[in-house]
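Visitor: Shown below is the structure under consideration.
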Amino acid sequence: LAGTRVFAVEDEVLILMTLEDMLVDLECEVAGSAGTLDDAMRKAAELDFAVAILDVNVAGKPIDPVANLVRRRGIPVVVATGYQRAPAFPEIDDEDGVPVLLPKPYTREQLREALAAALRLGRERSRAP
Amino acid sequence: MTGEGAPDGGTAIARSYPAAAHLVLFASIIALPLLLLLGLLLYRSIALEHEQLQLRIVQVLDDLIADIDRDIDRHLTVLQTLATSRALSDRDWPAFYEQAKASLQGKGYIVLLDAAGRQVVNTFVPYGEAPPFTGDPATIQAMQRKMGPVVSDLFTSLVVKQPVYNISVPVFVDDELRYVMSLGLRPGDVQKLLASQSLGPNWTTMIADGNGAILARSRDHERLVGTAVPRRLRDPEHFRQVHATTSIDGDEVLHSAGRTALGAWIASVNFPVSLVRRQIVTSLWLWGATIVVVSVLVVALAFVFGRRLTTPLAAATAAAHALGRGEKVETRRSRVVEVNAVIEALANAQRDIERNSAALRRSEQQLRTAAEAAQFGAHEYDVVNGVSVRSPQLRRILGVDETETPPTFEEGLALVHPDDREATRRRKQLVISGAQDRYQLEYRIRRPDGRVRWVMDRGQVMRDAASGKVVRVVGVLLDITELKESEQRQQLLFDELNHRVKNTLAIVQSLAQQTLRSRSDPKEFVAAFEERISSLARAHDLLTRESWTGASLGDVVGTAMAPFTDEKRKILIAGEPVIIPASATITLSLMLHELAANAAKYGALATADGLVSIEWNAVPKGAVIAIDLRWREENGPIVKKPARVGFGSRLLAASARQLGAELDLDYAPDGLRCRLRFAVPGS
């Protein structure tokens with residue numbers, strides 16, 4: 001995971017800070033972070049990153065548009081959620097099944113596994129025709 | 001009294017008749033013997049009268065004969081008195097002439113003949129002028145034979161020159177017939193005698209002499225006197241008998257004849273048969289009229305009484321019909337006790353039926369009302385015919401036409417949502433086949449209008465008592481869409497709650513980790529961590545109080561600063577009222593807490609004279625409100641910029657980014673200053 005560029009979206013400041021700390025601990029590079037949907041949309045389109053960790057909803061709004069945008073760029077997505085069920089991402093679901101889920105609250109190990117799984121899935125998808 | 005035989009099952013019931021016919025029969029059975037008895041009595045009466053008439057005829061005849069005999073006797077007495085006169089025995093004829101004439105008192109005349117038939121005295125003519133011989137020689141011959149009184153037949157007198165008859169007695173001298181003394185009389189005297197019988201106009205009496213010549217007749221005497229009487233009217237074989245024959249007048253008569261005592265005279269009596277016939281005819285008419293009257297009376301009374309029976313019976317029949325049709329039974333009283341009993345029984349039956357059916361209707365209504373209130377739609381599937389019957393409520397739930405034809409099994413399934421159809425079909429087929437007695441299903445339906453609804457369908461089978469085969473499946477269906485939606489809402493709510501709890505736990509986790517980075521001493525860590533947790537909790541309290549819709553900035557600042565407020569510390573809070581959205585409230589609370597905690601440890605709140613002022617402006621700018629919040633510390637210790645970036649600074653920076661705010665942090669030596677400019681949505 002070392003050097004992996006990660007884009008993080010989280011509306012809770014403390015969680016975002018901790019997430020950034022964890023990513024630094026995992027030797028990942030924080031490509032950028034966003035706390036609002038508008039900011040996230042903009043950065044998701046512009047930034048260069050290998051994987052995105054997205055909070056399932058940002059300030060009460062579903063993360064779907066950001067997730068779909070990232071997915072269209074062919075970048076794997078980890079969805080951090082407090083919900084028990086997976087959120088519905090029609091575009092992603094149609095193609096490749098559910099995204100990688102990261103249940104809140106999570107430990108650094110869980111984050112690492114989720115990122116690893118997402119990257120593996122991303123590689124498999126890019127190899128597929 | 002239907003006028004028809006029993007249509008079925010009736011075996012020995014013959015034809016039936018109206019009540020009046022029965023009454024006619026009844027009255028006839030009573031009246032017929034009476035009529036026959038009446039006829040018999042009339043016949044007897046006629047016979048008796050006939051018998052009495054015959055007796056009367058004979059009686060009249062006898063009376064007539066007796067009267068004539070008495071008359072002749074009287075004449076004979078006169079003659080015998082004269083026969084003993086001295087003048088006669090002295091042959092003093094002139095004296096005898098006078099004597100005889102005087103004894104006659106003007107009635108008839110005396111002729112005295114000698115034995116040779118010579119006239120000696122004839123009082124009809126003056127003395128001495130008597131004709132020489134008698135005109136009635138037959139009397140002398142008869143006298144010589146009989147030697148007693150003789151009554152002659154009719155003959156024409158020589159002196160009178162008219163038909164007369166003689167009553168004669170012999171006059172003996174020394175036992176030798178010397179003279180014949182005759183009293184000459186005209187038939188008119190006999191006729192007077194007949195007339196004196198006073199028998200009434202219908203009777204006819206007649207006297208004929210020994211030759212059958214009519215001497216006198218009560219009717220048409222003048223015309224018929226002297227004419228011959230037919231043999232049949234003077235047949236001695238029938239004397240004193242009554243028989244029907246034809247009279248001289250040619251009339252049908254009852255006739256009787258008899259001989260008088262003196263002489264050969266024949267008296268006869270006629271009574272017209274026509275009168276007898278008329279009597280019979282009258283009796284027959286009377287009898288016939290009685291029969292007719294009685295018959296009419298029988299029939300009329302039968303109808304009158306029949307009506308008295310049939311009218312109430314018709315009322316009873318109408319009452320029975322009314323009962324059958326469920327109409328009101330009229331309890332009008334009739335004059336027939338039994339019919340009243342029937343009608344009363346019918347009325348009672350109706351009351352009972354009404355009471356029972358009212359109770360039934362009531363319970364049915366209650367059931368229906370309960371079903372309507374529960375909004376249950378009922379259905380019943382007829383397994384044999386393969387069709388369902390649906391209640392109106394069910395049709396409303398399914399959104400189908402009120403006037404649909406009973407749907408088949410497949411038509412019913414067509415309303416089930418395609419996703420649930422196969423599962424529903426399998427379960428229902430299990431029930432219909434008898435493998436399951438009860439079912440409870442929840443599935444979606446797609447109504448003809450396209451709306452999808454959730455329904456609960458529960459029911460059970462009904463089996464044929466004998467064969468045990470499933471004949472019907474009855475069930476109820478309830479629209480549970482709202483229940484389902486509510487369930488889903490609740491599930492969403494639980495999910496949301498779960499999410500928030502998890503999120504909060506994640507925040508707490510972060511707080512712990514971040515606190516641990518700067519406070520490695522456990523005591524310090526616990527103190528700082530507890531403060532931060534408390535601050536977070538208070539912010540949550542504030543939001544909860546406002547139902548997570550947001551909070552006023554004054555409250556947010558007040559709540560954040562509350563733990564640091566005591567009598568010695570000077571904290572100034574001033575600003576315009578403005579509402580902060582829920583998402584920004586926690587962040588802002590955490591920022592204020594870090595600033596206050598820092599001030600309490602290193603800044604203005606750490607000294608007695610220190611002052612912290614928190615002021616803000618809120619200016620509407622288009623759709624948003626621009627907030628300019630200023631934190632300023634005075635009279636605290638000299639401020640030095642920290643050597644490394646601590647948690648507080650990181651939090652402030654990250655939070656500002658989160659809020660989209662412009663953050664100016666100035667570590668001025670006389671007091672920390674912090675300016676935060678951000679926008680919130682306008683109200």
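How things are named: the first chain in the structure tokens is A, the next is B, and so on; residues count from 1 in each chain; ligands count from 1 in the order shown.
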Let's see if you can do this: from backbone DSSP, list all alpha helix (DSSP H) residues in range 31-65 of chain A, as a list in words.
Guide: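 Everything in range 31-65 of chain A that counts as alpha helix (DSSP H) is Leu37, Asp38, Asp39, Ala40, Met41, Arg42, Lys43, Ala44, Ala45, Glu46, Asp64 and Pro65 of chain A.
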Visitor: Compile the residues of chain B that lie within 9 Å of chain A, evaluated using only C-alpha atoms, and express the compilation as an NGL selection string.
Guide: :B and (495-511 or 513-514 or 582-584 or 586-587 or 650-651 or 654-655 or 657-660)
Visitor: Dump N, CA, C and O atoms for the selected residues as a tab-separated table (two decimals), in the first residue's frame?
Guide:
```tsv
chain	number	residue	atom	x	y	z
B	495	ASP	N	-31.98	1.78	10.86
B	495	ASP	CA	-30.71	1.85	10.13
B	495	ASP	C	-30.01	3.18	10.38
B	495	ASP	O	-28.80	3.24	10.62
B	496	GLU	N	-30.83	4.25	10.34
B	496	GLU	CA	-30.27	5.58	10.51
B	496	GLU	C	-29.68	5.72	11.91
B	496	GLU	O	-28.57	6.25	12.10
B	497	LEU	N	-30.47	5.20	12.89
B	497	LEU	CA	-30.02	5.26	14.28
B	497	LEU	C	-28.68	4.51	14.41
B	497	LEU	O	-27.71	5.02	15.00
B	498	ASN	N	-28.68	3.34	13.84
B	498	ASN	CA	-27.48	2.51	13.86
B	498	ASN	C	-26.29	3.27	13.25
B	498	ASN	O	-25.20	3.32	13.81
B	499	HIS	N	-26.54	3.87	12.12
B	499	HIS	CA	-25.50	4.63	11.41
B	499	HIS	C	-24.95	5.76	12.28
B	499	HIS	O	-23.75	5.97	12.38
B	500	ARG	N	-25.89	6.46	12.90
B	500	ARG	CA	-25.45	7.60	13.70
B	500	ARG	C	-24.67	7.15	14.92
B	500	ARG	O	-23.66	7.77	15.29
B	501	VAL	N	-25.17	6.07	15.54
B	501	VAL	CA	-24.44	5.56	16.70
B	501	VAL	C	-23.03	5.17	16.28
B	501	VAL	O	-22.03	5.53	16.92
B	502	LYS	N	-22.98	4.45	15.14
B	502	LYS	CA	-21.67	4.00	14.65
B	502	LYS	C	-20.78	5.20	14.33
B	502	LYS	O	-19.58	5.24	14.64
B	503	ASN	N	-21.38	6.20	13.71
B	503	ASN	CA	-20.65	7.42	13.35
B	503	ASN	C	-20.12	8.11	14.59
B	503	ASN	O	-18.97	8.54	14.65
B	504	THR	N	-21.01	8.16	15.59
B	504	THR	CA	-20.63	8.80	16.84
B	504	THR	C	-19.49	8.03	17.51
B	504	THR	O	-18.54	8.62	18.03
B	505	LEU	N	-19.64	6.71	17.47
B	505	LEU	CA	-18.56	5.88	18.03
B	505	LEU	C	-17.25	6.14	17.30
B	505	LEU	O	-16.16	6.22	17.91
B	506	ALA	N	-17.39	6.31	15.96
B	506	ALA	CA	-16.19	6.60	15.17
B	506	ALA	C	-15.59	7.94	15.59
B	506	ALA	O	-14.35	8.10	15.67
B	507	ILE	N	-16.45	8.91	15.91
B	507	ILE	CA	-15.96	10.21	16.36
B	507	ILE	C	-15.24	10.07	17.69
B	507	ILE	O	-14.15	10.60	17.90
B	508	VAL	N	-15.92	9.28	18.58
B	508	VAL	CA	-15.32	9.07	19.90
B	508	VAL	C	-13.95	8.39	19.75
B	508	VAL	O	-12.97	8.75	20.39
B	509	GLN	N	-13.95	7.40	18.85
B	509	GLN	CA	-12.69	6.69	18.57
B	509	GLN	C	-11.61	7.68	18.12
B	509	GLN	O	-10.47	7.67	18.58
B	510	SER	N	-12.03	8.58	17.20
B	510	SER	CA	-11.08	9.57	16.69
B	510	SER	C	-10.60	10.49	17.80
B	510	SER	O	-9.40	10.81	17.91
B	511	LEU	N	-11.61	10.92	18.64
B	511	LEU	CA	-11.25	11.79	19.76
B	511	LEU	C	-10.18	11.14	20.63
B	511	LEU	O	-9.19	11.78	21.02
B	513	GLN	N	-8.07	8.76	19.86
B	513	GLN	CA	-6.78	8.66	19.19
B	513	GLN	C	-6.07	10.00	19.11
B	513	GLN	O	-4.86	10.12	19.34
B	514	GLN	N	-6.87	11.05	18.75
B	514	GLN	CA	-6.26	12.37	18.62
B	514	GLN	C	-5.78	12.88	19.97
B	514	GLN	O	-4.71	13.50	20.08
B	582	ALA	N	-27.53	21.86	11.47
B	582	ALA	CA	-27.13	20.77	12.36
B	582	ALA	C	-25.74	20.27	12.04
B	582	ALA	O	-24.93	20.00	12.94
B	583	SER	N	-25.42	20.14	10.76
B	583	SER	CA	-24.14	19.56	10.37
B	583	SER	C	-22.97	20.44	10.85
B	583	SER	O	-21.89	19.93	11.16
B	584	ALA	N	-23.21	21.74	10.94
B	584	ALA	CA	-22.13	22.65	11.33
B	584	ALA	C	-22.03	22.80	12.84
B	584	ALA	O	-21.00	23.22	13.36
B	586	ILE	N	-21.96	20.62	15.44
B	586	ILE	CA	-20.97	19.80	16.17
B	586	ILE	C	-19.56	20.34	15.92
B	586	ILE	O	-18.75	20.54	16.86
B	587	THR	N	-19.30	20.60	14.65
B	587	THR	CA	-17.97	21.08	14.27
B	587	THR	C	-17.64	22.39	14.99
B	587	THR	O	-16.56	22.55	15.58
B	650	ARG	N	-4.81	21.74	14.43
B	650	ARG	CA	-5.25	20.86	13.34
B	650	ARG	C	-6.76	20.82	13.24
B	650	ARG	O	-7.35	20.91	12.16
B	651	LEU	N	-7.38	20.73	14.42
B	651	LEU	CA	-8.85	20.65	14.44
B	651	LEU	C	-9.46	21.92	13.88
B	651	LEU	O	-10.40	21.88	13.08
B	654	ALA	N	-8.91	21.94	10.10
B	654	ALA	CA	-9.75	20.96	9.40
B	654	ALA	C	-11.23	21.36	9.48
B	654	ALA	O	-11.98	21.23	8.51
B	655	SER	N	-11.60	21.87	10.67
B	655	SER	CA	-13.00	22.26	10.83
B	655	SER	C	-13.36	23.42	9.92
B	655	SER	O	-14.46	23.46	9.34
B	657	ARG	N	-12.04	24.08	7.14
B	657	ARG	CA	-12.18	23.54	5.80
B	657	ARG	C	-13.56	22.89	5.63
B	657	ARG	O	-14.25	23.06	4.63
B	658	GLN	N	-13.89	22.15	6.67
B	658	GLN	CA	-15.19	21.46	6.67
B	658	GLN	C	-16.33	22.45	6.52
B	658	GLN	O	-17.29	22.22	5.77
B	659	LEU	N	-16.23	23.59	7.25
B	659	LEU	CA	-17.30	24.59	7.21
B	659	LEU	C	-17.21	25.45	5.96
B	659	LEU	O	-18.10	26.25	5.71
B	660	GLY	N	-16.15	25.31	5.24
B	660	GLY	CA	-15.93	26.21	4.10
B	660	GLY	C	-15.64	27.60	4.61
B	660	GLY	O	-16.04	28.61	3.99
```
Visitor: Running DSSP on the backbone, which parts of chain A land in strand (DSSP E), as a ChimeraX atom specification?
Guide: /A:5-9,29-34,51-55,57-58,61-62,77-81,100-103
Visitor: So how far away is CA of Leu543 in chain B from CA of Pro563 in chain B, in Å?
Guide: 17.7 Å
Visitor: Neighbours of Gly32 in chain A within 9 Å (only C-alpha atoms; same-chain residues fewer than 4 positions away dropped), as a list in words?
Guide: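 The contact residues come out as Arg5, Val6, Phe7, Ala8, Val9, Lys43, Ala44, Leu47, Asp48 and Phe49 of chain A.
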Visitor: Using only C-alpha atoms, which protein or nucleic acid residues come within 9 Å of range 317-326 of chain B? Drop anything in the same chain fewer than 2 positions from it, and give the result as a PyMOL selection string.
Guide: chain B and resi 312-315+328-331+343+346-347+349-350+354
Visitor: For a test of reading the model, state the distance in Å between CA of Ile214 in chain B and CA of Asn270 in chain B, rounded to one decimal.
Guide: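 Computing it gives 14.5 Å between the two atoms.
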Visitor: Between CA of Leu64 in chain B and CA of Asp189 in chain B, what is the distance in Å, rounded to a tenth?
Guide: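 We find that CA of Leu64 in chain B and CA of Asp189 in chain B lie 13.9 Å from each other.
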Visitor: Choose the residue, out of B:Asp220, B:Ser534, B:Ile573, B:Ala267, that has the smallest atom-to-atom separation from Asp63 in chain B; count only C-alpha atoms.
Guide: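 Answer, going by the shortest atom-to-atom distance: B:Ala267.
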